[in-house]
>>> print(open('start-v4.txt').read())   # compact mmCIF, C-alpha atoms
# COMPACT_ATOMS: atom_id res chain seq x y z
CA MET A 1 -26.50 54.08 19.84
CA ILE A 2 -25.25 52.70 23.15
CA ASP A 3 -28.19 52.72 25.50
CA THR A 4 -26.17 53.36 28.60
CA ALA A 5 -29.04 55.40 30.03
CA GLU A 6 -31.20 52.28 30.07
CA LEU A 7 -28.41 50.26 31.66
CA ASP A 8 -27.79 52.98 34.24
CA ASP A 9 -31.48 53.04 35.02
CA ARG A 10 -31.47 49.27 35.41
CA ILE A 11 -28.43 49.46 37.70
CA VAL A 12 -30.11 52.07 39.91
CA LYS A 13 -33.28 49.96 40.19
CA CYS A 14 -31.36 46.78 40.95
CA GLU A 15 -29.22 48.54 43.57
CA LYS A 16 -32.35 49.88 45.29
CA ILE A 17 -33.83 46.39 45.47
CA LEU A 18 -30.54 45.00 46.75
CA GLU A 19 -30.30 47.74 49.37
CA SER A 20 -33.74 46.89 50.70
CA ASP A 21 -33.02 43.16 50.61
CA VAL A 22 -29.38 42.13 50.66
CA ASN A 23 -30.40 38.51 50.04
CA SER A 24 -32.26 39.34 46.81
CA GLN A 25 -31.38 37.39 43.68
CA ILE A 26 -31.44 40.68 41.76
CA PHE A 27 -27.63 40.72 42.10
CA ALA A 28 -27.41 38.62 38.92
CA ALA A 29 -29.29 41.25 36.90
CA LEU A 30 -27.13 43.97 38.46
CA ALA A 31 -23.94 42.10 37.55
CA GLU A 32 -25.24 41.52 34.01
CA ALA A 33 -25.95 45.25 33.59
CA HIS A 34 -22.41 46.09 34.70
CA ARG A 35 -21.05 43.44 32.32
CA LYS A 36 -22.98 44.96 29.44
CA LYS A 37 -21.59 48.36 30.35
CA GLY A 38 -18.11 46.85 30.17
CA ASP A 39 -17.30 47.16 33.87
CA LEU A 40 -16.14 43.57 34.27
CA PRO A 41 -14.38 43.88 37.66
CA LYS A 42 -17.51 45.35 39.24
CA ALA A 43 -19.75 42.77 37.55
CA ARG A 44 -17.51 39.96 38.80
CA GLU A 45 -17.39 41.30 42.34
CA ILE A 46 -21.20 41.66 42.57
CA CYS A 47 -21.84 38.25 41.05
CA GLN A 48 -19.27 36.47 43.24
CA ARG A 49 -20.69 38.11 46.36
CA GLY A 50 -24.22 37.11 45.40
CA LEU A 51 -23.22 33.54 44.60
CA LYS A 52 -21.88 33.15 48.13
CA ILE A 53 -25.46 33.65 49.33
CA HIS A 54 -27.15 31.82 46.41
CA PRO A 55 -24.68 29.19 45.20
CA ASN A 56 -27.42 27.24 43.40
CA TYR A 57 -28.77 30.17 41.39
CA ALA A 58 -28.21 28.99 37.81
CA SER A 59 -28.82 32.36 36.12
CA ALA A 60 -26.05 33.93 38.21
CA ARG A 61 -23.70 31.11 37.20
CA ILE A 62 -24.42 31.94 33.56
CA VAL A 63 -23.75 35.63 34.16
CA MET A 64 -20.49 34.63 35.86
CA ALA A 65 -19.58 32.46 32.85
CA LYS A 66 -20.20 35.40 30.52
CA ILE A 67 -18.04 37.67 32.66
CA TYR A 68 -15.17 35.15 32.66
CA THR A 69 -15.56 34.70 28.88
CA ALA A 70 -15.28 38.46 28.38
CA GLU A 71 -12.16 38.38 30.57
CA GLU A 72 -10.81 35.54 28.42
CA ASN A 73 -10.64 33.27 31.46
CA TYR A 74 -12.20 30.35 29.60
CA ASP A 75 -11.45 27.65 32.18
CA ARG A 76 -13.33 29.50 34.90
CA ALA A 77 -16.09 30.36 32.40
CA TRP A 78 -16.44 26.65 31.64
CA GLU A 79 -16.71 25.74 35.35
CA GLU A 80 -19.40 28.35 35.95
CA LEU A 81 -21.37 27.34 32.87
CA GLN A 82 -21.31 23.67 33.84
CA ALA A 83 -22.45 24.58 37.36
CA GLY A 84 -25.35 26.51 35.84
CA ILE A 85 -26.30 23.67 33.51
CA SER A 86 -26.25 21.13 36.32
CA GLU A 87 -28.54 23.36 38.39
CA SER A 88 -31.22 24.15 35.81
CA GLY A 89 -30.64 22.06 32.70
CA ARG A 90 -29.76 23.29 29.24
CA THR A 91 -31.18 26.22 27.29
CA ARG A 92 -30.34 27.44 23.78
CA ALA A 93 -28.42 30.40 25.23
CA MET A 94 -26.37 28.03 27.38
CA ASP A 95 -25.60 25.84 24.35
CA ILE A 96 -24.41 28.88 22.39
CA LEU A 97 -22.22 30.05 25.25
CA GLU A 98 -20.89 26.52 25.75
CA SER A 99 -19.92 26.19 22.07
CA GLU A 100 -18.17 29.56 22.16
CA ILE A 101 -16.17 28.60 25.26
CA LEU A 102 -15.29 25.23 23.69
CA ILE A 103 -14.02 26.94 20.54
CA ARG A 104 -11.95 29.37 22.56
CA ARG A 105 -10.51 26.47 24.57
CA GLY A 106 -9.50 24.75 21.32
CA LYS A 107 -12.10 21.97 21.52
CA GLY A 108 -13.53 22.31 18.04
CA ASN A 109 -15.03 18.83 17.69
CA GLU A 110 -17.08 19.18 20.85
CA ALA A 111 -18.23 22.64 19.77
CA LYS A 112 -19.12 21.30 16.33
CA ALA A 113 -21.55 18.73 17.73
CA ILE A 114 -23.44 21.41 19.67
CA LEU A 115 -23.36 23.96 16.85
CA GLN A 116 -24.70 21.53 14.28
CA LYS A 117 -27.77 20.86 16.42
CA LEU A 118 -28.23 24.56 17.06
CA TYR A 119 -27.88 25.37 13.36
CA VAL A 120 -30.51 22.83 12.32
CA ALA A 121 -32.99 24.37 14.75
CA ASN A 122 -31.97 28.02 14.07
CA PRO A 123 -30.45 28.32 10.56
CA ASP A 124 -30.83 32.12 10.50
CA ASP A 125 -29.26 32.83 13.87
CA GLU A 126 -26.30 35.15 13.20
CA THR A 127 -24.50 34.25 16.43
CA ILE A 128 -24.60 30.55 15.55
CA LYS A 129 -23.43 31.29 12.01
CA GLY A 130 -20.59 33.42 13.36
CA LEU A 131 -19.49 30.64 15.70
CA MET A 132 -19.58 28.14 12.84
CA VAL A 133 -17.39 30.39 10.74
CA MET A 134 -15.06 30.88 13.70
CA LEU A 135 -14.91 27.12 14.13
CA GLY A 136 -14.07 26.63 10.48
CA GLU A 137 -11.39 29.29 10.53
CA GLY A 138 -8.65 26.63 10.69
CA LYS A 139 -7.04 27.91 13.87
CA LEU A 140 -8.17 24.94 15.88
CA SER A 141 -6.29 21.70 16.07
CA ASP A 142 -9.40 19.55 15.76
CA SER A 143 -11.67 21.74 13.66
CA SER A 144 -14.37 20.00 11.76
CA PRO A 145 -13.69 19.21 8.08
CA ASP A 146 -17.36 19.56 7.13
CA LEU A 147 -17.45 23.11 8.45
CA VAL A 148 -14.32 24.20 6.61
CA MET A 149 -14.91 26.39 3.56
CA PRO A 150 -13.25 25.99 0.13
CA ARG A 151 -9.55 26.83 0.04
CA VAL A 152 -7.33 28.62 -2.43
CA SER A 153 -3.58 28.52 -2.76
CA ASP A 154 -1.55 31.71 -2.41
CA GLY A 155 2.12 31.18 -3.24
CA GLY A 156 2.24 27.90 -1.38
CA ARG A 157 0.32 29.32 1.59
CA ILE A 158 -3.12 27.85 1.99
CA LEU A 159 -5.84 30.42 2.47
CA ARG A 160 -9.50 29.83 3.06
CA LYS A 161 -11.81 32.12 1.14
CA ILE A 162 -14.46 33.83 3.19
CA THR A 163 -17.18 36.30 2.37
CA LEU A 164 -17.42 39.79 3.82
CA THR A 165 -20.47 38.65 5.80
CA GLU A 166 -18.48 35.80 7.33
CA ALA A 167 -15.63 38.16 8.17
CA ILE A 168 -18.06 40.52 9.91
CA ASN A 169 -19.58 37.62 11.83
CA ILE A 170 -16.11 36.66 13.07
CA ILE A 171 -15.13 40.24 13.91
CA ARG A 172 -18.33 40.62 15.93
CA ILE A 173 -17.40 37.80 18.28
CA ILE A 174 -13.83 38.92 18.93
CA PRO A 175 -13.62 39.85 22.63
CA ARG A 176 -14.35 43.53 23.33
CA VAL A 177 -15.71 44.14 19.82
CA LEU A 178 -19.19 45.66 19.95
CA GLY A 179 -19.92 45.32 16.27
CA ALA A 180 -18.81 45.89 12.70
CA VAL A 181 -20.40 47.21 9.54
CA ALA A 182 -19.28 47.39 5.91
CA VAL A 183 -20.43 50.56 4.18
CA ASN A 184 -20.65 51.28 0.45
CA ASP A 185 -19.80 54.51 -1.43
CA GLN A 186 -23.24 55.93 -0.75
CA GLY A 187 -22.97 55.39 3.01
CA LEU A 188 -25.38 52.45 2.90
CA VAL A 189 -24.92 49.21 4.80
CA ILE A 190 -23.50 46.31 2.79
CA ASP A 191 -23.58 44.08 5.84
CA GLY A 192 -23.18 44.60 9.53
CA ARG A 193 -23.64 43.12 12.97
CA PHE A 194 -24.02 45.00 16.20
CA ASP A 195 -25.60 44.18 19.49
CA GLY A 196 -28.93 45.82 20.23
CA ASN A 197 -27.36 49.08 21.34
CA PHE A 198 -26.33 50.33 17.90
CA ASP A 199 -28.22 51.21 14.78
CA LYS A 200 -26.00 49.96 11.96
CA GLU A 201 -27.64 52.26 9.38
CA GLU A 202 -26.84 55.26 11.58
CA VAL A 203 -23.26 54.07 12.23
CA ALA A 204 -22.75 53.53 8.48
CA ALA A 205 -24.02 56.96 7.46
CA LEU A 206 -22.11 58.84 10.16
CA SER A 207 -18.90 56.90 9.52
CA LYS A 208 -19.03 57.56 5.81
CA GLU A 209 -19.48 61.29 6.46
CA ILE A 210 -16.57 61.32 8.91
CA PHE A 211 -14.31 59.36 6.54
CA ASP A 212 -15.12 61.62 3.58
CA SER A 213 -14.54 64.78 5.63
CA SER A 214 -11.23 63.41 6.83
CA ALA A 215 -10.21 62.60 3.27
CA LEU A 216 -11.02 66.19 2.29
CA GLY A 217 -9.02 67.56 5.25
CA SER A 218 -6.03 65.30 4.55
CA ALA A 219 -5.97 66.50 0.96
CA LYS A 220 -5.99 70.15 2.11
CA ILE A 221 -2.80 69.62 4.10
CA SER A 222 -1.24 67.44 1.39
CA LEU A 223 -1.29 64.26 3.42
CA GLY A 224 -2.66 62.05 0.66
CA ARG A 225 -5.59 59.68 0.59
CA THR A 226 -7.04 58.65 3.96
CA SER A 227 -6.78 54.92 4.53
CA GLU A 228 -7.70 54.52 8.20
CA ILE A 229 -9.23 56.52 11.00
CA LEU A 230 -9.18 55.62 14.68
CA ILE A 231 -11.41 57.62 16.99
CA GLU A 232 -11.13 57.14 20.73
CA SER A 233 -13.72 58.39 23.18
CA SER A 234 -13.87 57.70 26.90
CA SER A 235 -15.92 54.55 26.42
CA MET A 236 -15.15 53.15 22.99
CA LYS A 237 -12.98 53.08 19.93
CA ILE A 238 -14.26 53.46 16.38
CA TRP A 239 -11.93 52.15 13.73
CA MET A 240 -12.66 52.89 10.07
CA ILE A 241 -10.69 51.01 7.46
CA GLY A 242 -10.94 52.13 3.84
CA ARG A 243 -10.85 49.28 1.31
CA ALA A 244 -11.22 49.38 -2.46
CA ASN A 245 -14.96 48.63 -2.53
CA TYR A 246 -16.15 49.42 0.96
CA LEU A 247 -15.43 51.09 4.27
CA LEU A 248 -15.24 48.72 7.24
CA VAL A 249 -16.24 50.25 10.57
CA VAL A 250 -15.43 48.36 13.76
CA ILE A 251 -16.62 49.60 17.14
CA THR A 252 -14.94 48.25 20.26
CA ARG A 253 -14.80 48.86 23.96
CA ASP A 254 -12.07 51.30 24.96
CA ASP A 255 -9.93 48.56 26.55
CA VAL A 256 -9.50 46.49 23.38
CA SER A 257 -5.94 45.60 22.34
CA MET A 258 -5.61 47.39 19.01
CA GLY A 259 -2.47 45.48 18.00
CA SER A 260 -4.12 42.10 18.31
CA LEU A 261 -7.36 43.33 16.73
CA LYS A 262 -5.46 44.79 13.78
CA LEU A 263 -3.70 41.48 13.13
CA ARG A 264 -6.96 39.54 13.14
CA ILE A 265 -8.83 42.01 10.97
CA ASP A 266 -5.96 42.29 8.46
CA GLU A 267 -5.96 38.51 8.15
CA LEU A 268 -9.72 38.34 7.68
CA LEU A 269 -9.81 41.13 5.10
CA HIS A 270 -6.99 39.44 3.22
CA LYS A 271 -9.12 36.29 3.04
CA VAL A 272 -12.15 38.29 1.92
CA GLU A 273 -10.16 39.95 -0.85
CA HIS A 274 -9.04 36.54 -2.10
CA ASN A 275 -12.70 35.75 -2.45
CA ASP A 276 -13.51 38.82 -4.60
CA MET B 1 12.96 85.32 25.41
CA LYS B 2 10.57 82.42 25.91
CA THR B 3 8.29 82.33 28.91
CA ALA B 4 8.35 79.40 31.32
CA LYS B 5 5.00 78.26 29.90
CA GLN B 6 6.36 78.22 26.36
CA ASN B 7 9.44 76.36 27.54
CA LYS B 8 7.41 73.58 29.13
CA PHE B 9 5.17 73.24 26.11
CA GLN B 10 8.23 73.43 23.88
CA THR B 11 9.76 70.52 25.80
CA ALA B 12 6.64 68.46 25.12
CA VAL B 13 6.55 69.10 21.36
CA GLU B 14 10.31 68.68 20.96
CA TYR B 15 10.11 65.38 22.84
CA LEU B 16 7.82 64.28 20.00
CA THR B 17 9.79 65.67 17.08
CA ASP B 18 12.93 64.01 18.47
CA TYR B 19 11.30 60.71 17.59
CA SER B 20 12.16 59.17 14.24
CA GLY B 21 9.51 59.81 11.59
CA VAL B 22 7.76 62.71 13.35
CA LYS B 23 7.41 65.66 10.99
CA CYS B 24 5.67 68.15 13.20
CA ALA B 25 4.10 68.50 16.65
CA LEU B 26 2.08 71.47 17.78
CA ILE B 27 -0.20 72.63 20.53
CA ALA B 28 -3.21 74.69 19.51
CA ASP B 29 -6.17 76.13 21.34
CA SER B 30 -9.78 75.34 20.48
CA ASP B 31 -9.83 78.15 17.89
CA GLY B 32 -6.88 76.65 16.06
CA LEU B 33 -4.47 79.29 17.31
CA ILE B 34 -1.02 77.76 17.63
CA ILE B 35 0.50 78.04 21.11
CA ILE B 36 3.75 76.34 20.17
CA SER B 37 5.05 74.12 17.41
CA SER B 38 8.12 72.13 16.52
CA PRO B 39 9.67 72.57 14.06
CA ALA B 40 8.69 76.24 13.96
CA ALA B 41 8.89 76.97 10.23
CA ASP B 42 9.01 73.79 8.12
CA PHE B 43 5.33 72.98 8.18
CA ASP B 44 2.11 74.89 7.68
CA GLY B 45 1.00 74.33 11.24
CA GLU B 46 -1.86 76.83 11.11
CA LEU B 47 -3.53 75.11 8.20
CA CYS B 48 -2.93 71.76 9.82
CA ALA B 49 -4.45 72.91 13.13
CA ALA B 50 -7.44 74.44 11.35
CA VAL B 51 -8.15 71.31 9.33
CA GLY B 52 -7.55 69.00 12.30
CA LEU B 53 -9.82 70.92 14.62
CA ASP B 54 -12.54 71.15 11.95
CA LEU B 55 -12.44 67.38 11.84
CA VAL B 56 -12.60 67.05 15.62
CA ASP B 57 -15.55 69.43 15.64
CA LEU B 58 -17.33 67.32 13.03
CA LEU B 59 -16.56 64.18 15.01
CA ASP B 60 -17.89 65.66 18.23
CA LYS B 61 -21.16 66.49 16.47
CA ASN B 62 -21.46 63.14 14.71
CA LEU B 63 -20.28 60.98 17.58
CA ARG B 64 -23.30 62.01 19.61
CA GLY B 65 -25.20 59.62 17.37
CA ILE B 66 -22.91 56.73 18.27
CA ALA B 67 -21.12 57.35 21.56
CA GLU B 68 -22.17 59.17 24.68
CA SER B 69 -18.98 61.22 24.76
CA GLY B 70 -16.99 63.19 22.22
CA CYS B 71 -13.70 62.41 20.51
CA GLU B 72 -10.64 62.48 22.77
CA PHE B 73 -8.04 60.92 20.49
CA LEU B 74 -8.16 60.88 16.72
CA THR B 75 -5.69 59.13 14.45
CA VAL B 76 -5.93 59.47 10.67
CA LYS B 77 -3.63 57.35 8.52
CA THR B 78 -2.98 58.06 4.87
CA GLY B 79 -0.74 56.21 2.44
CA ALA B 80 2.37 58.06 3.61
CA ASP B 81 1.55 59.81 6.88
CA TRP B 82 -0.43 59.70 10.04
CA ILE B 83 -1.89 62.52 12.05
CA THR B 84 -2.90 62.31 15.69
CA ILE B 85 -5.07 64.90 17.39
CA ALA B 86 -5.48 64.61 21.16
CA LYS B 87 -7.49 66.77 23.49
CA THR B 88 -5.76 67.84 26.65
CA SER B 89 -7.47 70.20 29.08
CA ILE B 90 -8.17 73.32 27.00
CA PHE B 91 -5.65 72.59 24.27
CA TYR B 92 -5.12 70.15 21.41
CA LEU B 93 -1.90 68.33 20.69
CA ILE B 94 -1.45 67.63 16.98
CA VAL B 95 1.28 65.32 15.73
CA ILE B 96 2.09 64.57 12.10
CA ALA B 97 4.38 61.64 11.42
CA GLU B 98 5.44 59.44 8.55
CA ARG B 99 3.33 56.31 8.21
CA LYS B 100 6.46 54.24 8.79
CA ALA B 101 6.90 55.67 12.32
CA ASP B 102 6.29 52.75 14.65
CA ASP B 103 3.36 52.42 17.01
CA LEU B 104 5.56 53.30 20.01
CA LEU B 105 5.02 56.88 18.96
CA GLY B 106 1.71 56.46 20.76
CA VAL B 107 3.61 56.09 24.02
CA ARG B 108 5.51 59.32 23.33
CA ILE B 109 2.26 61.11 22.57
CA SER B 110 0.86 59.94 25.91
CA ARG B 111 3.98 61.14 27.71
CA ALA B 112 3.79 64.52 25.96
CA LEU B 113 0.14 64.81 26.97
CA GLU B 114 1.13 64.05 30.54
CA MET B 115 3.74 66.81 30.41
CA ILE B 116 1.18 69.28 29.11
CA SER B 117 -1.46 68.12 31.55
CA SER B 118 0.80 68.22 34.62
CA TYR B 119 2.02 71.67 33.71
CA MET B 120 -1.54 72.87 33.23
CA LYS B 121 -2.58 71.25 36.50
CA GLU B 122 0.26 72.96 38.32
CA LYS B 123 -0.33 76.30 36.70
CA TYR B 124 -4.09 76.43 36.14
CA PRO B 125 -5.78 73.85 38.41
CA ALA B 126 -9.23 75.43 38.09
CA VAL B 127 -9.18 75.10 34.32
CA LEU B 128 -8.33 71.42 34.54
CA LEU B 129 -11.06 70.76 37.03
CA SER B 130 -13.58 71.77 34.40
CA SER B 131 -12.21 69.22 31.93
CA GLU B 132 -11.55 66.31 34.22
CA PRO B 133 -12.55 63.57 31.71
CA ALA B 134 -9.71 64.51 29.35
CA ALA B 135 -7.18 64.34 32.16
CA ARG B 136 -8.57 60.98 33.27
CA LYS B 137 -8.26 59.64 29.75
CA ILE B 138 -4.58 60.59 29.61
CA GLU B 139 -3.94 58.81 32.90
CA LYS B 140 -5.89 55.77 31.66
CA LYS B 141 -4.00 55.63 28.35
CA THR B 142 -0.69 55.87 30.13
CA GLU B 143 -1.66 52.98 32.38
CA VAL B 144 -2.51 50.87 29.33
CA TYR B 145 0.78 51.64 27.64
CA ASN B 146 2.71 50.89 30.82
CA VAL B 147 1.29 47.37 31.21
>>> encode(input="start-v4.txt", output="structure tokens")
Amino acid sequence: MIDTAELDDRIVKCEKILESDVNSQIFAALAEAHRKKGDLPKAREICQRGLKIHPNYASARIVMAKIYTAEENYDRAWEELQAGISESGRTRAMDILESEILIRRGKGNEAKAILQKLYVANPDDETIKGLMVMLGEGKLSDSSPDLVMPRVSDGGRILRKITLTEAINIIRIIPRVLGAVAVNDQGLVIDGRFDGNFDKEEVAALSKEIFDSSALGSAKISLGRTSEILIESSSMKIWMIGRANYLLVVITRDDVSMGSLKLRIDELLHKVEHND
Amino acid sequence: MKTAKQNKFQTAVEYLTDYSGVKCALIADSDGLIIISSPAADFDGELCAAVGLDLVDLLDKNLRGIAESGCEFLTVKTGADWITIAKTSIFYLIVIAERKADDLLGVRISRALEMISSYMKEKYPAVLLSSEPAARKIEKKTEVYNV
């Protein structure tokens, strides 16, 4: 479940502190809360204003880098991240963010060097694994051969086989995607990744119930077997895609581009099915 | 003779059924009672509205576990068709189209919702005030499509 109440509470507290002391460094936490809520323009405005007062505050530079990454402005994200690193030195979180920005800027070899070190130290970290899969996806001009998975041929077109888990890891790090879960016939999680605000077991069970009810309704009005459902609320989109062996549920922010997301997910699921 | 209200709603649903691949468009109230539909006779609109609104009701209940707000737009795709159910003020717009209808139908649906919403705003402003989020969503969707 999205814990917007907690974020709202945090925003109120931060604003109170900032009202009583306009020079407080709490602006970074306030901007981060707005970023997590998806209000990027507000987050950017608060963070930029605060950085004018505290230009050497590394944490705020990192928040700024995350905001620019979410806005897909990777050059500015890179500048902010480097400013943060030069102020306070490197942390694991900075390395992860740096490798993501490098991948998105098409600098796979540089990302690879950082990711390999991170992976050795944290082999179970799902974010690192997702970035490694993203790096090995073959979309980058200088992607690392030792991170590329086995390939299969499909009518002359070269496809790389990936597992459902790898596909979910990639989906999770697509901009504006909040998480994805694959659900089996019983409504149980096969695999899933969400940020801390969602319970994947709950999403899986509810999605399965919704999909089954829709299938029943479609049959009643002779519309055939349900293959996809898109639900839009004021803050998010929930996209359910029925496949032969599972139901894939992808939750995004409401401002995601569905056309682009559909292309990427279709491609990934095609690769997964070649792996079955 | 049709009333002015029916004519305006009729314009909205006919604007949708004019589009290639659209089988049926109808406006129903929250009880599934059909206010207007196009075409009038070729489709079992009442059954469709009943099933569609049952689904929206289920979604509204279940979505509380995932999202902080209820369902505003619902699209269900089957092998051959797709159905869209959109909330607008106190009514629901339901559109059934062939699966092959292109995604630009979404733009038409937004325009039809605007027609319904602006007519409702003009005619029954107090009613719309009580369902402001739905109206905001229509404006927001239209902005997205216009980019």
>>> residues_near_point(input="start-v4.txt", point="(-19.5, 38.7, 12.1)", cutoff="9 Å", atoms="only C-alpha atoms", output="ChimeraX atom specification")
/A:126-127,129-131,133,164-174,179-181,192-194
>>> write_last_selection(input="start-v4.txt", atoms="C-alpha atoms", output="PDB file, in the frame of the given file")
ATOM      1  CA  GLU A 126     -26.300  35.150  13.200  1.00  0.00           C
ATOM      2  CA  THR A 127     -24.500  34.250  16.430  1.00  0.00           C
ATOM      3  CA  LYS A 129     -23.430  31.290  12.010  1.00  0.00           C
ATOM      4  CA  GLY A 130     -20.590  33.420  13.360  1.00  0.00           C
ATOM      5  CA  LEU A 131     -19.490  30.640  15.700  1.00  0.00           C
ATOM      6  CA  VAL A 133     -17.390  30.390  10.740  1.00  0.00           C
ATOM      7  CA  LEU A 164     -17.420  39.790   3.820  1.00  0.00           C
ATOM      8  CA  THR A 165     -20.470  38.650   5.800  1.00  0.00           C
ATOM      9  CA  GLU A 166     -18.480  35.800   7.330  1.00  0.00           C
ATOM     10  CA  ALA A 167     -15.630  38.160   8.170  1.00  0.00           C
ATOM     11  CA  ILE A 168     -18.060  40.520   9.910  1.00  0.00           C
ATOM     12  CA  ASN A 169     -19.580  37.620  11.830  1.00  0.00           C
ATOM     13  CA  ILE A 170     -16.110  36.660  13.070  1.00  0.00           C
ATOM     14  CA  ILE A 171     -15.130  40.240  13.910  1.00  0.00           C
ATOM     15  CA  ARG A 172     -18.330  40.620  15.930  1.00  0.00           C
ATOM     16  CA  ILE A 173     -17.400  37.800  18.280  1.00  0.00           C
ATOM     17  CA  ILE A 174     -13.830  38.920  18.930  1.00  0.00           C
ATOM     18  CA  GLY A 179     -19.920  45.320  16.270  1.00  0.00           C
ATOM     19  CA  ALA A 180     -18.810  45.890  12.700  1.00  0.00           C
ATOM     20  CA  VAL A 181     -20.400  47.210   9.540  1.00  0.00           C
ATOM     21  CA  GLY A 192     -23.180  44.600   9.530  1.00  0.00           C
ATOM     22  CA  ARG A 193     -23.640  43.120  12.970  1.00  0.00           C
ATOM     23  CA  PHE A 194     -24.020  45.000  16.200  1.00  0.00           C
TER      24      PHE A 194
END
>>> closest_atom_pairs(input="start-v4.txt", of="chain B", to="chain A", cutoff="6 Å", atoms="all atoms listed in the file", output="Markdown table")
| residue | atom | partner | partner_atom | distance |
| --- | --- | --- | --- | --- |
| B:Val51 | CA | A:Gly217 | CA | 5.6 |
| B:Ile66 | CA | A:Met1 | CA | 4.7 |
| B:Gly70 | CA | A:Ser233 | CA | 5.9 |
| B:Cys71 | CA | A:Ser233 | CA | 4.8 |
| B:Glu72 | CA | A:Ser233 | CA | 5.1 |
| B:Phe73 | CA | A:Glu232 | CA | 4.9 |
| B:Leu74 | CA | A:Ile231 | CA | 4.6 |
| B:Thr75 | CA | A:Leu230 | CA | 5.0 |
| B:Val76 | CA | A:Ile229 | CA | 4.4 |
| B:Lys77 | CA | A:Glu228 | CA | 5.0 |
| B:Thr78 | CA | A:Thr226 | CA | 4.2 |
>>> atom_distance(input="start-v4.txt", atom1="atom CA of Leu55 of chain B", atom2="atom CA of Ile265 of chain A")
25.6 Å
>>> closest_residue(input="start-v4.txt", among="B:Phe9, B:Gly45, B:Phe91, B:Ala97", to="Tyr119 of chain B", atoms="all atoms listed in the file")
B:Phe9
>>> closest_residue(input="start-v4.txt", among="B:Ser110, B:Leu53, B:Ile96, B:Ile90", to="Ser20 of chain B", atoms="only C-alpha atoms")
B:Ile96
>>> atom_distance(input="start-v4.txt", atom1="atom CA of Ala244 of chain A", atom2="atom CA of Glu98 of chain B")
22.4 Å
>>> atom_distance(input="start-v4.txt", atom1="atom CA of Gln25 of chain A", atom2="atom CA of Asn73 of chain A")
24.4 Å
>>> closest_residue(input="start-v4.txt", among="B:Lys8, B:Gly52, B:Glu122, B:Tyr15", to="Val107 of chain B", atoms="only C-alpha atoms")
B:Tyr15
>>> closest_residue(input="start-v4.txt", among="B:Arg64, B:Val56, B:Glu14, B:Thr88", to="Pro39 of chain B", atoms="all atoms listed in the file")
B:Glu14
>>> decode(input="start-v4.txt", residues="segment 211-222 of chain A", atoms="N, CA and C atoms", output="CSV table (one decimal), in the first residue's frame")
chain,number,residue,atom,x,y,z
A,211,PHE,N,-8.9,-9.6,-11.8
A,211,PHE,CA,-8.7,-10.2,-13.2
A,211,PHE,C,-9.8,-11.3,-13.4
A,212,ASP,N,-10.0,-12.1,-12.4
A,212,ASP,CA,-11.0,-13.2,-12.5
A,212,ASP,C,-12.4,-12.6,-12.6
A,213,SER,N,-12.7,-11.6,-11.8
A,213,SER,CA,-14.0,-11.0,-11.9
A,213,SER,C,-14.3,-10.4,-13.2
A,214,SER,N,-13.2,-9.7,-13.8
A,214,SER,CA,-13.4,-9.1,-15.1
A,214,SER,C,-13.6,-10.2,-16.1
A,215,ALA,N,-12.9,-11.3,-16.0
A,215,ALA,CA,-13.0,-12.4,-17.0
A,215,ALA,C,-14.5,-12.9,-17.0
A,216,LEU,N,-15.0,-13.0,-15.8
A,216,LEU,CA,-16.4,-13.5,-15.6
A,216,LEU,C,-17.4,-12.5,-16.3
A,217,GLY,N,-17.1,-11.2,-16.0
A,217,GLY,CA,-18.0,-10.1,-16.6
A,217,GLY,C,-17.9,-10.1,-18.1
A,218,SER,N,-16.7,-10.2,-18.6
A,218,SER,CA,-16.5,-10.2,-20.1
A,218,SER,C,-17.3,-11.3,-20.7
A,219,ALA,N,-17.2,-12.5,-20.1
A,219,ALA,CA,-17.9,-13.6,-20.6
A,219,ALA,C,-19.4,-13.4,-20.6
A,220,LYS,N,-20.0,-12.7,-19.6
A,220,LYS,CA,-21.4,-12.5,-19.5
A,220,LYS,C,-21.9,-11.6,-20.7
A,221,ILE,N,-21.0,-10.7,-21.1
A,221,ILE,CA,-21.5,-9.8,-22.2
A,221,ILE,C,-20.8,-10.3,-23.5
A,222,SER,N,-20.4,-11.5,-23.6
A,222,SER,CA,-19.9,-12.2,-24.8
A,222,SER,C,-18.7,-11.4,-25.4
